[in-house]
$ cat target.cif   # mmCIF, C-alpha atoms and all ligand atoms
data_upload
#
loop_
_atom_site.label_atom_id
_atom_site.label_comp_id
_atom_site.auth_asym_id
_atom_site.auth_seq_id
_atom_site.Cartn_x
_atom_site.Cartn_y
_atom_site.Cartn_z
CA MET A 10 -13.81 19.10 48.40
CA LYS A 11 -13.63 15.39 47.85
CA ILE A 12 -16.62 15.52 45.51
CA LEU A 13 -15.15 18.45 43.60
CA SER A 14 -11.85 16.73 43.05
CA ARG A 15 -13.70 13.65 41.83
CA VAL A 16 -15.60 15.82 39.37
CA ALA A 17 -12.33 17.39 38.22
CA ALA A 18 -10.74 13.98 37.80
CA GLY A 19 -13.79 12.80 35.89
CA MET A 20 -13.60 15.85 33.63
CA ALA A 21 -9.92 15.26 32.99
CA VAL A 22 -10.68 11.67 31.95
CA GLY A 23 -13.52 12.97 29.79
CA TRP A 24 -11.27 15.47 28.01
CA ALA A 25 -8.61 12.83 27.51
CA LEU A 26 -11.21 10.59 25.89
CA ILE A 27 -12.40 13.38 23.62
CA ALA A 28 -8.81 14.28 22.64
CA GLY A 29 -8.10 10.60 22.01
CA ALA A 30 -11.20 10.30 19.87
CA GLY A 31 -10.05 13.37 17.86
CA VAL A 32 -6.71 11.82 16.96
CA SER A 33 -8.08 8.42 16.07
CA GLY A 34 -10.93 10.10 14.14
CA ALA A 35 -8.42 11.83 11.85
CA GLN A 36 -6.43 8.62 11.48
CA GLU A 37 -9.60 6.73 10.70
CA ALA A 38 -10.59 9.27 8.05
CA LYS A 39 -7.14 8.93 6.40
CA ALA A 40 -7.30 5.13 6.57
CA GLY A 41 -10.78 5.28 5.04
CA GLU A 42 -9.50 7.46 2.19
CA VAL A 43 -6.57 5.11 1.47
CA GLU A 44 -8.92 2.12 1.57
CA ARG A 45 -11.30 3.82 -0.88
CA GLY A 46 -8.32 4.58 -3.15
CA ALA A 47 -7.19 0.94 -3.06
CA TYR A 48 -10.69 -0.12 -4.10
CA LEU A 49 -10.82 2.39 -6.97
CA VAL A 50 -7.38 1.33 -8.23
CA ILE A 51 -8.44 -2.33 -8.29
CA VAL A 52 -11.77 -1.78 -10.03
CA GLY A 53 -10.26 0.95 -12.23
CA GLY A 54 -7.89 -1.60 -13.76
CA CYS A 55 -4.74 0.46 -13.07
CA ASN A 56 -2.73 -2.74 -12.50
CA ASP A 57 -3.61 -3.91 -16.03
CA CYS A 58 -1.21 -1.38 -17.52
CA HIS A 59 0.93 -0.08 -14.64
CA THR A 60 1.98 -3.49 -13.22
CA PRO A 61 4.03 -5.59 -15.66
CA PHE A 62 2.44 -8.87 -16.72
CA LYS A 63 4.11 -12.22 -16.09
CA MET A 64 2.89 -15.55 -17.44
CA GLY A 65 0.45 -17.18 -15.00
CA ALA A 66 -1.42 -20.50 -15.01
CA LYS A 67 -4.23 -19.01 -17.12
CA GLY A 68 -2.13 -16.66 -19.23
CA PRO A 69 -0.61 -13.23 -18.62
CA GLU A 70 -1.40 -11.60 -15.26
CA PRO A 71 -0.02 -8.59 -13.35
CA ASP A 72 3.11 -9.47 -11.35
CA MET A 73 2.02 -8.03 -7.99
CA THR A 74 5.57 -8.18 -6.60
CA LYS A 75 6.14 -5.22 -8.96
CA MET A 76 2.82 -3.55 -8.15
CA LEU A 77 2.23 -0.32 -10.09
CA SER A 78 5.95 0.17 -10.80
CA GLY A 79 5.41 0.67 -14.56
CA HIS A 80 7.36 -0.54 -17.55
CA PRO A 81 10.35 -2.65 -16.34
CA GLN A 82 13.53 -0.61 -16.77
CA GLY A 83 15.66 -3.52 -17.98
CA MET A 84 13.28 -4.52 -20.76
CA MET A 85 14.68 -3.22 -24.02
CA LEU A 86 12.22 -3.29 -26.87
CA PRO A 87 12.94 -3.59 -30.58
CA GLU A 88 11.27 -1.20 -33.06
CA PRO A 89 7.49 -1.72 -32.92
CA PRO A 90 5.97 -3.72 -35.79
CA ALA A 91 4.54 -1.64 -38.62
CA PRO A 92 0.74 -1.24 -38.35
CA LYS A 93 -1.01 -3.48 -40.84
CA GLY A 94 -4.63 -3.35 -42.02
CA PRO A 95 -7.06 -2.91 -39.14
CA TRP A 96 -4.33 -3.84 -36.60
CA ILE A 97 -3.19 -0.33 -35.87
CA TRP A 98 -1.48 -0.63 -32.51
CA SER A 99 0.74 -3.02 -30.58
CA GLY A 100 1.38 -3.73 -26.94
CA ALA A 101 4.44 -5.30 -25.32
CA ALA A 102 4.03 -8.66 -23.53
CA THR A 103 4.19 -6.85 -20.17
CA ASN A 104 1.26 -4.59 -21.19
CA THR A 105 3.34 -1.61 -20.09
CA ALA A 106 4.52 -0.31 -23.49
CA PHE A 107 2.28 0.59 -26.40
CA ALA A 108 2.96 1.73 -29.96
CA GLY A 109 0.36 3.31 -32.22
CA PRO A 110 -0.46 6.42 -34.22
CA TRP A 111 0.29 8.43 -31.03
CA GLY A 112 3.91 7.27 -30.85
CA ILE A 113 5.24 4.98 -28.11
CA SER A 114 3.89 5.23 -24.59
CA TYR A 115 5.37 3.60 -21.50
CA SER A 116 3.31 3.18 -18.32
CA PRO A 117 5.02 5.26 -15.64
CA ASN A 118 5.97 4.12 -12.14
CA LEU A 119 3.06 5.12 -9.87
CA THR A 120 4.80 4.11 -6.62
CA PRO A 121 6.13 6.83 -4.30
CA ASP A 122 9.81 6.10 -5.09
CA PRO A 123 11.39 9.58 -4.82
CA GLU A 124 13.70 9.13 -7.82
CA THR A 125 11.83 6.95 -10.29
CA GLY A 126 8.16 7.38 -9.30
CA ILE A 127 5.94 9.77 -11.28
CA ALA A 128 6.38 13.34 -10.02
CA LEU A 129 2.83 14.02 -8.86
CA PRO A 130 3.47 14.60 -5.14
CA THR A 131 0.21 16.39 -4.33
CA ALA A 132 -3.41 15.40 -4.86
CA GLU A 133 -3.95 18.80 -6.54
CA ARG A 134 -1.36 18.08 -9.26
CA PHE A 135 -2.70 14.57 -9.79
CA ILE A 136 -6.27 15.86 -10.14
CA GLN A 137 -5.05 18.59 -12.54
CA ALA A 138 -3.28 15.97 -14.71
CA MET A 139 -6.32 13.69 -14.85
CA ARG A 140 -8.73 16.55 -15.61
CA SER A 141 -6.59 18.30 -18.24
CA GLY A 142 -5.00 15.23 -19.88
CA ARG A 143 -1.63 17.01 -19.60
CA HIS A 144 1.59 15.36 -18.41
CA LEU A 145 2.15 16.33 -14.75
CA GLY A 146 -0.84 18.65 -15.02
CA SER A 147 0.60 21.16 -17.50
CA GLY A 148 2.98 19.49 -20.02
CA ARG A 149 2.43 17.60 -23.29
CA GLU A 150 -0.76 15.63 -23.91
CA ILE A 151 -1.02 12.34 -22.00
CA LEU A 152 -0.91 9.59 -24.64
CA PRO A 153 -3.21 6.58 -25.17
CA PRO A 154 -4.05 4.09 -23.92
CA MET A 155 -4.03 5.91 -20.53
CA PRO A 156 -7.78 6.32 -19.92
CA TRP A 157 -7.51 9.80 -18.38
CA PRO A 158 -10.82 10.98 -19.99
CA ASN A 159 -12.52 8.33 -17.80
CA LEU A 160 -10.66 9.38 -14.66
CA ALA A 161 -11.57 13.01 -15.46
CA GLN A 162 -15.20 12.05 -14.71
CA MET A 163 -14.41 11.07 -11.11
CA THR A 164 -15.14 13.33 -8.16
CA ASP A 165 -12.26 15.27 -6.59
CA GLN A 166 -12.80 13.15 -3.49
CA ASP A 167 -12.29 9.88 -5.38
CA LEU A 168 -9.27 11.18 -7.29
CA ALA A 169 -7.75 12.38 -3.99
CA ALA A 170 -8.41 8.91 -2.54
CA ILE A 171 -6.57 7.27 -5.47
CA HIS A 172 -3.69 9.67 -4.92
CA ALA A 173 -3.61 8.98 -1.15
CA TYR A 174 -3.49 5.24 -1.85
CA LEU A 175 -0.71 5.61 -4.45
CA ARG A 176 1.37 7.56 -1.90
CA SER A 177 0.85 4.79 0.67
CA ILE A 178 2.03 1.77 -1.34
CA PRO A 179 5.59 0.37 -1.14
CA PRO A 180 8.02 2.43 -3.25
CA ILE A 181 9.70 0.43 -6.03
CA ARG A 182 12.81 1.72 -7.73
CA ASN A 183 12.20 1.35 -11.46
CA ALA A 184 13.15 4.01 -14.00
CA VAL A 185 10.70 3.98 -16.89
CA PRO A 186 11.75 5.42 -20.26
CA ASP A 187 10.01 8.62 -21.37
CA SER A 188 7.14 8.16 -23.77
CA VAL A 189 7.85 9.28 -27.32
CA PRO A 190 4.94 11.19 -28.89
CA ALA A 191 4.69 10.79 -32.67
CA PRO A 192 5.74 13.83 -34.70
CA PRO A 193 2.73 15.88 -35.82
CA PRO A 194 1.49 14.78 -39.28
CA ALA A 195 3.14 16.62 -42.19
CA LYS A 196 0.92 19.31 -43.73
C1 LIG A 201 -4.92 0.74 -20.82
C2 LIG A 201 -3.71 1.02 -20.07
C3 LIG A 201 -3.79 1.91 -18.85
C4 LIG A 201 -4.69 1.86 -17.81
C5 LIG A 201 -5.88 0.93 -17.63
C6 LIG A 201 -4.27 2.89 -16.87
N1 LIG A 201 -3.17 3.53 -17.33
FE1 LIG A 201 -2.27 5.14 -16.47
N2 LIG A 201 -1.02 5.32 -18.07
C7 LIG A 201 -0.93 4.42 -19.12
C8 LIG A 201 0.11 4.85 -20.03
C9 LIG A 201 0.56 4.14 -21.29
C10 LIG A 201 0.62 6.06 -19.51
C11 LIG A 201 1.72 6.93 -20.11
C12 LIG A 201 1.09 8.00 -21.00
C13 LIG A 201 2.10 9.02 -21.49
O1 LIG A 201 3.30 8.87 -21.29
O2 LIG A 201 1.67 10.02 -22.10
C14 LIG A 201 -0.12 6.32 -18.29
C15 LIG A 201 0.08 7.43 -17.48
C16 LIG A 201 -0.47 7.60 -16.21
C17 LIG A 201 -0.14 8.67 -15.28
C18 LIG A 201 0.84 9.81 -15.56
C19 LIG A 201 0.12 11.02 -16.13
C20 LIG A 201 1.10 12.13 -16.48
O3 LIG A 201 1.06 13.16 -15.80
O4 LIG A 201 1.91 11.95 -17.42
C21 LIG A 201 -0.87 8.46 -14.15
C22 LIG A 201 -0.84 9.31 -12.88
C23 LIG A 201 -1.66 7.28 -14.35
N3 LIG A 201 -1.39 6.79 -15.62
C24 LIG A 201 -2.52 6.74 -13.42
C25 LIG A 201 -3.41 5.68 -13.69
C26 LIG A 201 -4.43 5.23 -12.77
C27 LIG A 201 -4.64 5.79 -11.37
C28 LIG A 201 -5.11 4.24 -13.40
C29 LIG A 201 -6.30 3.45 -12.92
C30 LIG A 201 -7.48 4.21 -12.53
C31 LIG A 201 -4.50 4.07 -14.73
N4 LIG A 201 -3.47 4.95 -14.85
C32 LIG A 201 -4.93 3.14 -15.67
C33 LIG A 201 -1.71 3.30 -19.31
C34 LIG A 201 -2.83 2.97 -18.53
#
$ encode --input "target.cif" --output "structure tokens"
Amino acid sequence: MKILSRVAAGMAVGWALIAGAGVSGAQEAKAGEVERGAYLVIVGGCNDCHTPFKMGAKGPEPDMTKMLSGHPQGMMLPEPPAPKGPWIWSGAATNTAFAGPWGISYSPNLTPDPETGIALPTAERFIQAMRSGRHLGSGREILPPMPWPNLAQMTDQDLAAIHAYLRSIPPIRNAVPDSVPAPPPAK
């Protein structure tokens, strides 16, 4: 009897350990995915255009206190300069607004702010947008210089990791103006 109850107690401990391992295994997998996404966002240069630049000791650098929050809402821009000679496009000092033959594009807010963040709540929609080059996965064409054709080459797993990371970062409230695609050329 004594032995049996010891065995039972041992089994209970064993099951508890297995159940514990199950929970932390799932958490570990999620943490691993977010970590992979953070790595891909850094090496993918997303901060170069989605985090506004400030002037640093060695020149302009992303202001990480505004990480991935897109074009600053208070920054009003004058009309872009007319393209001249081989200089066919312009970028704002923040590197978050761009004017060229495609119109004017503003880098959206990639943080999970419910009101001002880009509306790509699921990994599926994000993957669809990056593969199709369509706004929110099914709208107008995504404008340059967003390098979506490069992201389209990533595996679903890596794109899902980027998405998981973007959903995990601090939300920043910053309403970015809508991009303005150029009118189609006159026939
Ligand atoms: C060279 C500048 C640049 C880089 C680098 C860049 N982006 Fe963008 N991104 C933009 C601009 C500009 C837009 C807005 C395009 C538009 O409005 O059509 C945009 C749009 C987006 C969108 C919204 C797509 C949609 O549905 O409208 C997502 C999501 C996005 N970028 C994610 C990323 C990620 C993730 C990275 C890094 C792997 C990245 N971007 C790197 C400039 C850039």
$ residues_around --input "target.cif" --residues "range 62-78 of chain A" --least-positions-apart "2" --cutoff "6 Å" --atoms "all atoms listed in the file" --output "count of residues only"
6
$ closest_residue --input "target.cif" --among "A:Ala106, A:Ala35, A:Ala170, A:Val43" --to "Pro89 in chain A" --atoms "all atoms listed in the file"
A:Ala106
$ closest_residue --input "target.cif" --among "A:Ala161, A:Ile178, A:Cys55, A:Met139" --to "ligand LIG 201 (chain A)" --atoms "all atoms listed in the file"
A:Cys55
$ closest_atom_pairs --input "target.cif" --of "chain A" --to "ligand LIG 201 (chain A)" --cutoff "8 Å" --atoms "all atoms listed in the file" --output "JSON lines"
{"residue": "A:Leu49", "atom": "CA", "partner": "A:LIG201", "partner_atom": "C30", "distance": 6.7}
{"residue": "A:Val50", "atom": "CA", "partner": "A:LIG201", "partner_atom": "C30", "distance": 5.2}
{"residue": "A:Ile51", "atom": "CA", "partner": "A:LIG201", "partner_atom": "C29", "distance": 7.7}
{"residue": "A:Val52", "atom": "CA", "partner": "A:LIG201", "partner_atom": "C30", "distance": 7.8}
{"residue": "A:Gly53", "atom": "CA", "partner": "A:LIG201", "partner_atom": "C30", "distance": 4.3}
{"residue": "A:Gly54", "atom": "CA", "partner": "A:LIG201", "partner_atom": "C5", "distance": 5.0}
{"residue": "A:Cys55", "atom": "CA", "partner": "A:LIG201", "partner_atom": "C29", "distance": 3.4}
{"residue": "A:Asn56", "atom": "CA", "partner": "A:LIG201", "partner_atom": "C32", "distance": 7.0}
{"residue": "A:Asp57", "atom": "CA", "partner": "A:LIG201", "partner_atom": "C5", "distance": 5.6}
{"residue": "A:Cys58", "atom": "CA", "partner": "A:LIG201", "partner_atom": "C2", "distance": 4.3}
{"residue": "A:His59", "atom": "CA", "partner": "A:LIG201", "partner_atom": "N1", "distance": 6.1}
{"residue": "A:Asn104", "atom": "CA", "partner": "A:LIG201", "partner_atom": "C2", "distance": 7.6}
{"residue": "A:Thr105", "atom": "CA", "partner": "A:LIG201", "partner_atom": "C9", "distance": 6.5}
{"residue": "A:Ala106", "atom": "CA", "partner": "A:LIG201", "partner_atom": "C9", "distance": 6.4}
{"residue": "A:Phe107", "atom": "CA", "partner": "A:LIG201", "partner_atom": "C9", "distance": 6.5}
{"residue": "A:Ser114", "atom": "CA", "partner": "A:LIG201", "partner_atom": "C9", "distance": 4.8}
{"residue": "A:Tyr115", "atom": "CA", "partner": "A:LIG201", "partner_atom": "C9", "distance": 4.8}
{"residue": "A:Ser116", "atom": "CA", "partner": "A:LIG201", "partner_atom": "C8", "distance": 4.0}
{"residue": "A:Pro117", "atom": "CA", "partner": "A:LIG201", "partner_atom": "C15", "distance": 5.7}
{"residue": "A:Leu119", "atom": "CA", "partner": "A:LIG201", "partner_atom": "C22", "distance": 6.5}
{"residue": "A:Ile127", "atom": "CA", "partner": "A:LIG201", "partner_atom": "C18", "distance": 6.7}
{"residue": "A:Ala128", "atom": "CA", "partner": "A:LIG201", "partner_atom": "O3", "distance": 7.9}
{"residue": "A:Leu129", "atom": "CA", "partner": "A:LIG201", "partner_atom": "C22", "distance": 7.2}
{"residue": "A:Phe135", "atom": "CA", "partner": "A:LIG201", "partner_atom": "C22", "distance": 6.4}
{"residue": "A:Ala138", "atom": "CA", "partner": "A:LIG201", "partner_atom": "O3", "distance": 5.3}
{"residue": "A:Met139", "atom": "CA", "partner": "A:LIG201", "partner_atom": "C19", "distance": 7.1}
{"residue": "A:Gly142", "atom": "CA", "partner": "A:LIG201", "partner_atom": "O3", "distance": 7.6}
{"residue": "A:Arg143", "atom": "CA", "partner": "A:LIG201", "partner_atom": "O3", "distance": 6.0}
{"residue": "A:His144", "atom": "CA", "partner": "A:LIG201", "partner_atom": "O3", "distance": 3.5}
{"residue": "A:Leu145", "atom": "CA", "partner": "A:LIG201", "partner_atom": "O3", "distance": 3.5}
{"residue": "A:Gly146", "atom": "CA", "partner": "A:LIG201", "partner_atom": "O3", "distance": 5.9}
{"residue": "A:Gly148", "atom": "CA", "partner": "A:LIG201", "partner_atom": "O3", "distance": 7.8}
{"residue": "A:Arg149", "atom": "CA", "partner": "A:LIG201", "partner_atom": "O2", "distance": 7.7}
{"residue": "A:Glu150", "atom": "CA", "partner": "A:LIG201", "partner_atom": "O2", "distance": 6.4}
{"residue": "A:Ile151", "atom": "CA", "partner": "A:LIG201", "partner_atom": "O2", "distance": 3.6}
{"residue": "A:Leu152", "atom": "CA", "partner": "A:LIG201", "partner_atom": "O2", "distance": 3.6}
{"residue": "A:Pro153", "atom": "CA", "partner": "A:LIG201", "partner_atom": "C9", "distance": 5.9}
{"residue": "A:Pro154", "atom": "CA", "partner": "A:LIG201", "partner_atom": "C1", "distance": 4.6}
{"residue": "A:Met155", "atom": "CA", "partner": "A:LIG201", "partner_atom": "C33", "distance": 3.7}
{"residue": "A:Pro156", "atom": "CA", "partner": "A:LIG201", "partner_atom": "C6", "distance": 5.8}
{"residue": "A:Trp157", "atom": "CA", "partner": "A:LIG201", "partner_atom": "N4", "distance": 7.2}
{"residue": "A:Leu160", "atom": "CA", "partner": "A:LIG201", "partner_atom": "C30", "distance": 6.4}
{"residue": "A:Ile171", "atom": "CA", "partner": "A:LIG201", "partner_atom": "C27", "distance": 6.4}
{"residue": "A:His172", "atom": "CA", "partner": "A:LIG201", "partner_atom": "C27", "distance": 7.6}
{"residue": "A:Leu175", "atom": "CA", "partner": "A:LIG201", "partner_atom": "C27", "distance": 8.0}
{"residue": "A:Asp187", "atom": "CA", "partner": "A:LIG201", "partner_atom": "O1", "distance": 6.7}
{"residue": "A:Ser188", "atom": "CA", "partner": "A:LIG201", "partner_atom": "O1", "distance": 4.6}
{"residue": "A:Val189", "atom": "CA", "partner": "A:LIG201", "partner_atom": "O1", "distance": 7.6}
{"residue": "A:Pro190", "atom": "CA", "partner": "A:LIG201", "partner_atom": "O2", "distance": 7.6}
$ atom_distance --input "target.cif" --atom1 "CA of Pro110 in chain A" --atom2 "CA of Pro90 in chain A"
12.1 Å
$ closest_residue --input "target.cif" --among "A:Pro130, A:Pro121, A:Pro61, A:Gly46" --to "Ala101 in chain A" --atoms "all atoms listed in the file"
A:Pro61
$ closest_residue --input "target.cif" --among "A:Ser99, A:Gln36, A:Gln137, A:Asn159" --to "Gly112 in chain A" --atoms "all atoms listed in the file"
A:Ser99
$ atom_distance --input "target.cif" --atom1 "CA of Arg140 in chain A" --atom2 "CA of Ile181 in chain A"
26.3 Å
$ atom_distance --input "target.cif" --atom1 "CA of Glu37 in chain A" --atom2 "CA of Arg134 in chain A"
24.4 Å
$ build_atoms --input "target.cif" --residues "range 88-116 of chain A" --atoms "N, CA and C atoms" --output "PDB file, in the frame of the given file"
ATOM      1  N   GLU A  88      12.216  -2.093 -32.365  1.00  0.00           N
ATOM      2  CA  GLU A  88      11.270  -1.200 -33.060  1.00  0.00           C
ATOM      3  C   GLU A  88       9.892  -1.842 -33.080  1.00  0.00           C
ATOM      4  N   PRO A  89       8.829  -1.094 -32.867  1.00  0.00           N
ATOM      5  CA  PRO A  89       7.490  -1.720 -32.920  1.00  0.00           C
ATOM      6  C   PRO A  89       7.162  -2.187 -34.328  1.00  0.00           C
ATOM      7  N   PRO A  90       6.338  -3.269 -34.448  1.00  0.00           N
ATOM      8  CA  PRO A  90       5.970  -3.720 -35.790  1.00  0.00           C
ATOM      9  C   PRO A  90       5.155  -2.647 -36.516  1.00  0.00           C
ATOM     10  N   ALA A  91       5.288  -2.630 -37.844  1.00  0.00           N
ATOM     11  CA  ALA A  91       4.540  -1.640 -38.620  1.00  0.00           C
ATOM     12  C   ALA A  91       3.047  -1.972 -38.535  1.00  0.00           C
ATOM     13  N   PRO A  92       2.173  -0.950 -38.378  1.00  0.00           N
ATOM     14  CA  PRO A  92       0.740  -1.240 -38.350  1.00  0.00           C
ATOM     15  C   PRO A  92       0.281  -1.815 -39.685  1.00  0.00           C
ATOM     16  N   LYS A  93      -0.605  -2.789 -39.626  1.00  0.00           N
ATOM     17  CA  LYS A  93      -1.010  -3.480 -40.840  1.00  0.00           C
ATOM     18  C   LYS A  93      -2.529  -3.666 -40.841  1.00  0.00           C
ATOM     19  N   GLY A  94      -3.180  -3.185 -41.893  1.00  0.00           N
ATOM     20  CA  GLY A  94      -4.630  -3.350 -42.020  1.00  0.00           C
ATOM     21  C   GLY A  94      -5.347  -2.748 -40.825  1.00  0.00           C
ATOM     22  N   PRO A  95      -6.326  -3.480 -40.291  1.00  0.00           N
ATOM     23  CA  PRO A  95      -7.060  -2.910 -39.140  1.00  0.00           C
ATOM     24  C   PRO A  95      -6.287  -3.029 -37.835  1.00  0.00           C
ATOM     25  N   TRP A  96      -5.110  -3.711 -37.847  1.00  0.00           N
ATOM     26  CA  TRP A  96      -4.330  -3.840 -36.600  1.00  0.00           C
ATOM     27  C   TRP A  96      -3.447  -2.624 -36.475  1.00  0.00           C
ATOM     28  N   ILE A  97      -3.959  -1.576 -35.829  1.00  0.00           N
ATOM     29  CA  ILE A  97      -3.190  -0.330 -35.870  1.00  0.00           C
ATOM     30  C   ILE A  97      -2.323  -0.062 -34.657  1.00  0.00           C
ATOM     31  N   TRP A  98      -2.402  -0.885 -33.613  1.00  0.00           N
ATOM     32  CA  TRP A  98      -1.480  -0.630 -32.510  1.00  0.00           C
ATOM     33  C   TRP A  98      -0.982  -1.921 -31.877  1.00  0.00           C
ATOM     34  N   SER A  99       0.139  -1.832 -31.182  1.00  0.00           N
ATOM     35  CA  SER A  99       0.740  -3.020 -30.580  1.00  0.00           C
ATOM     36  C   SER A  99       1.021  -2.746 -29.101  1.00  0.00           C
ATOM     37  N   GLY A 100       1.019  -3.822 -28.351  1.00  0.00           N
ATOM     38  CA  GLY A 100       1.380  -3.730 -26.940  1.00  0.00           C
ATOM     39  C   GLY A 100       2.469  -4.735 -26.636  1.00  0.00           C
ATOM     40  N   ALA A 101       3.392  -4.358 -25.728  1.00  0.00           N
ATOM     41  CA  ALA A 101       4.440  -5.300 -25.320  1.00  0.00           C
ATOM     42  C   ALA A 101       3.825  -6.385 -24.438  1.00  0.00           C
ATOM     43  N   ALA A 102       4.539  -7.526 -24.306  1.00  0.00           N
ATOM     44  CA  ALA A 102       4.030  -8.660 -23.530  1.00  0.00           C
ATOM     45  C   ALA A 102       3.721  -8.284 -22.086  1.00  0.00           C
ATOM     46  N   THR A 103       4.417  -7.287 -21.552  1.00  0.00           N
ATOM     47  CA  THR A 103       4.190  -6.850 -20.170  1.00  0.00           C
ATOM     48  C   THR A 103       2.936  -5.973 -20.041  1.00  0.00           C
ATOM     49  N   ASN A 104       2.376  -5.549 -21.165  1.00  0.00           N
ATOM     50  CA  ASN A 104       1.260  -4.590 -21.190  1.00  0.00           C
ATOM     51  C   ASN A 104       1.628  -3.265 -20.513  1.00  0.00           C
ATOM     52  N   THR A 105       2.893  -2.887 -20.671  1.00  0.00           N
ATOM     53  CA  THR A 105       3.340  -1.610 -20.090  1.00  0.00           C
ATOM     54  C   THR A 105       3.966  -0.700 -21.134  1.00  0.00           C
ATOM     55  N   ALA A 106       3.999  -1.154 -22.409  1.00  0.00           N
ATOM     56  CA  ALA A 106       4.520  -0.310 -23.490  1.00  0.00           C
ATOM     57  C   ALA A 106       3.603  -0.501 -24.689  1.00  0.00           C
ATOM     58  N   PHE A 107       3.289   0.611 -25.343  1.00  0.00           N
ATOM     59  CA  PHE A 107       2.280   0.590 -26.400  1.00  0.00           C
ATOM     60  C   PHE A 107       2.759   1.465 -27.557  1.00  0.00           C
ATOM     61  N   ALA A 108       2.580   0.945 -28.783  1.00  0.00           N
ATOM     62  CA  ALA A 108       2.960   1.730 -29.960  1.00  0.00           C
ATOM     63  C   ALA A 108       1.729   1.871 -30.842  1.00  0.00           C
ATOM     64  N   GLY A 109       1.515   3.064 -31.365  1.00  0.00           N
ATOM     65  CA  GLY A 109       0.360   3.310 -32.220  1.00  0.00           C
ATOM     66  C   GLY A 109       0.514   4.651 -32.902  1.00  0.00           C
ATOM     67  N   PRO A 110      -0.561   5.149 -33.506  1.00  0.00           N
ATOM     68  CA  PRO A 110      -0.460   6.420 -34.220  1.00  0.00           C
ATOM     69  C   PRO A 110       0.000   7.569 -33.309  1.00  0.00           C
ATOM     70  N   TRP A 111      -0.116   7.378 -31.977  1.00  0.00           N
ATOM     71  CA  TRP A 111       0.290   8.430 -31.030  1.00  0.00           C
ATOM     72  C   TRP A 111       1.773   8.423 -30.716  1.00  0.00           C
ATOM     73  N   GLY A 112       2.490   7.400 -31.199  1.00  0.00           N
ATOM     74  CA  GLY A 112       3.910   7.270 -30.850  1.00  0.00           C
ATOM     75  C   GLY A 112       4.098   6.033 -29.985  1.00  0.00           C
ATOM     76  N   ILE A 113       5.030   6.108 -29.021  1.00  0.00           N
ATOM     77  CA  ILE A 113       5.240   4.980 -28.110  1.00  0.00           C
ATOM     78  C   ILE A 113       5.019   5.495 -26.687  1.00  0.00           C
ATOM     79  N   SER A 114       4.151   4.808 -25.974  1.00  0.00           N
ATOM     80  CA  SER A 114       3.890   5.230 -24.590  1.00  0.00           C
ATOM     81  C   SER A 114       4.316   4.119 -23.634  1.00  0.00           C
ATOM     82  N   TYR A 115       4.939   4.519 -22.557  1.00  0.00           N
ATOM     83  CA  TYR A 115       5.370   3.600 -21.500  1.00  0.00           C
ATOM     84  C   TYR A 115       4.599   3.940 -20.232  1.00  0.00           C
ATOM     85  N   SER A 116       4.033   2.916 -19.571  1.00  0.00           N
ATOM     86  CA  SER A 116       3.310   3.180 -18.320  1.00  0.00           C
ATOM     87  C   SER A 116       4.299   3.612 -17.253  1.00  0.00           C
TER      88      SER A 116
END
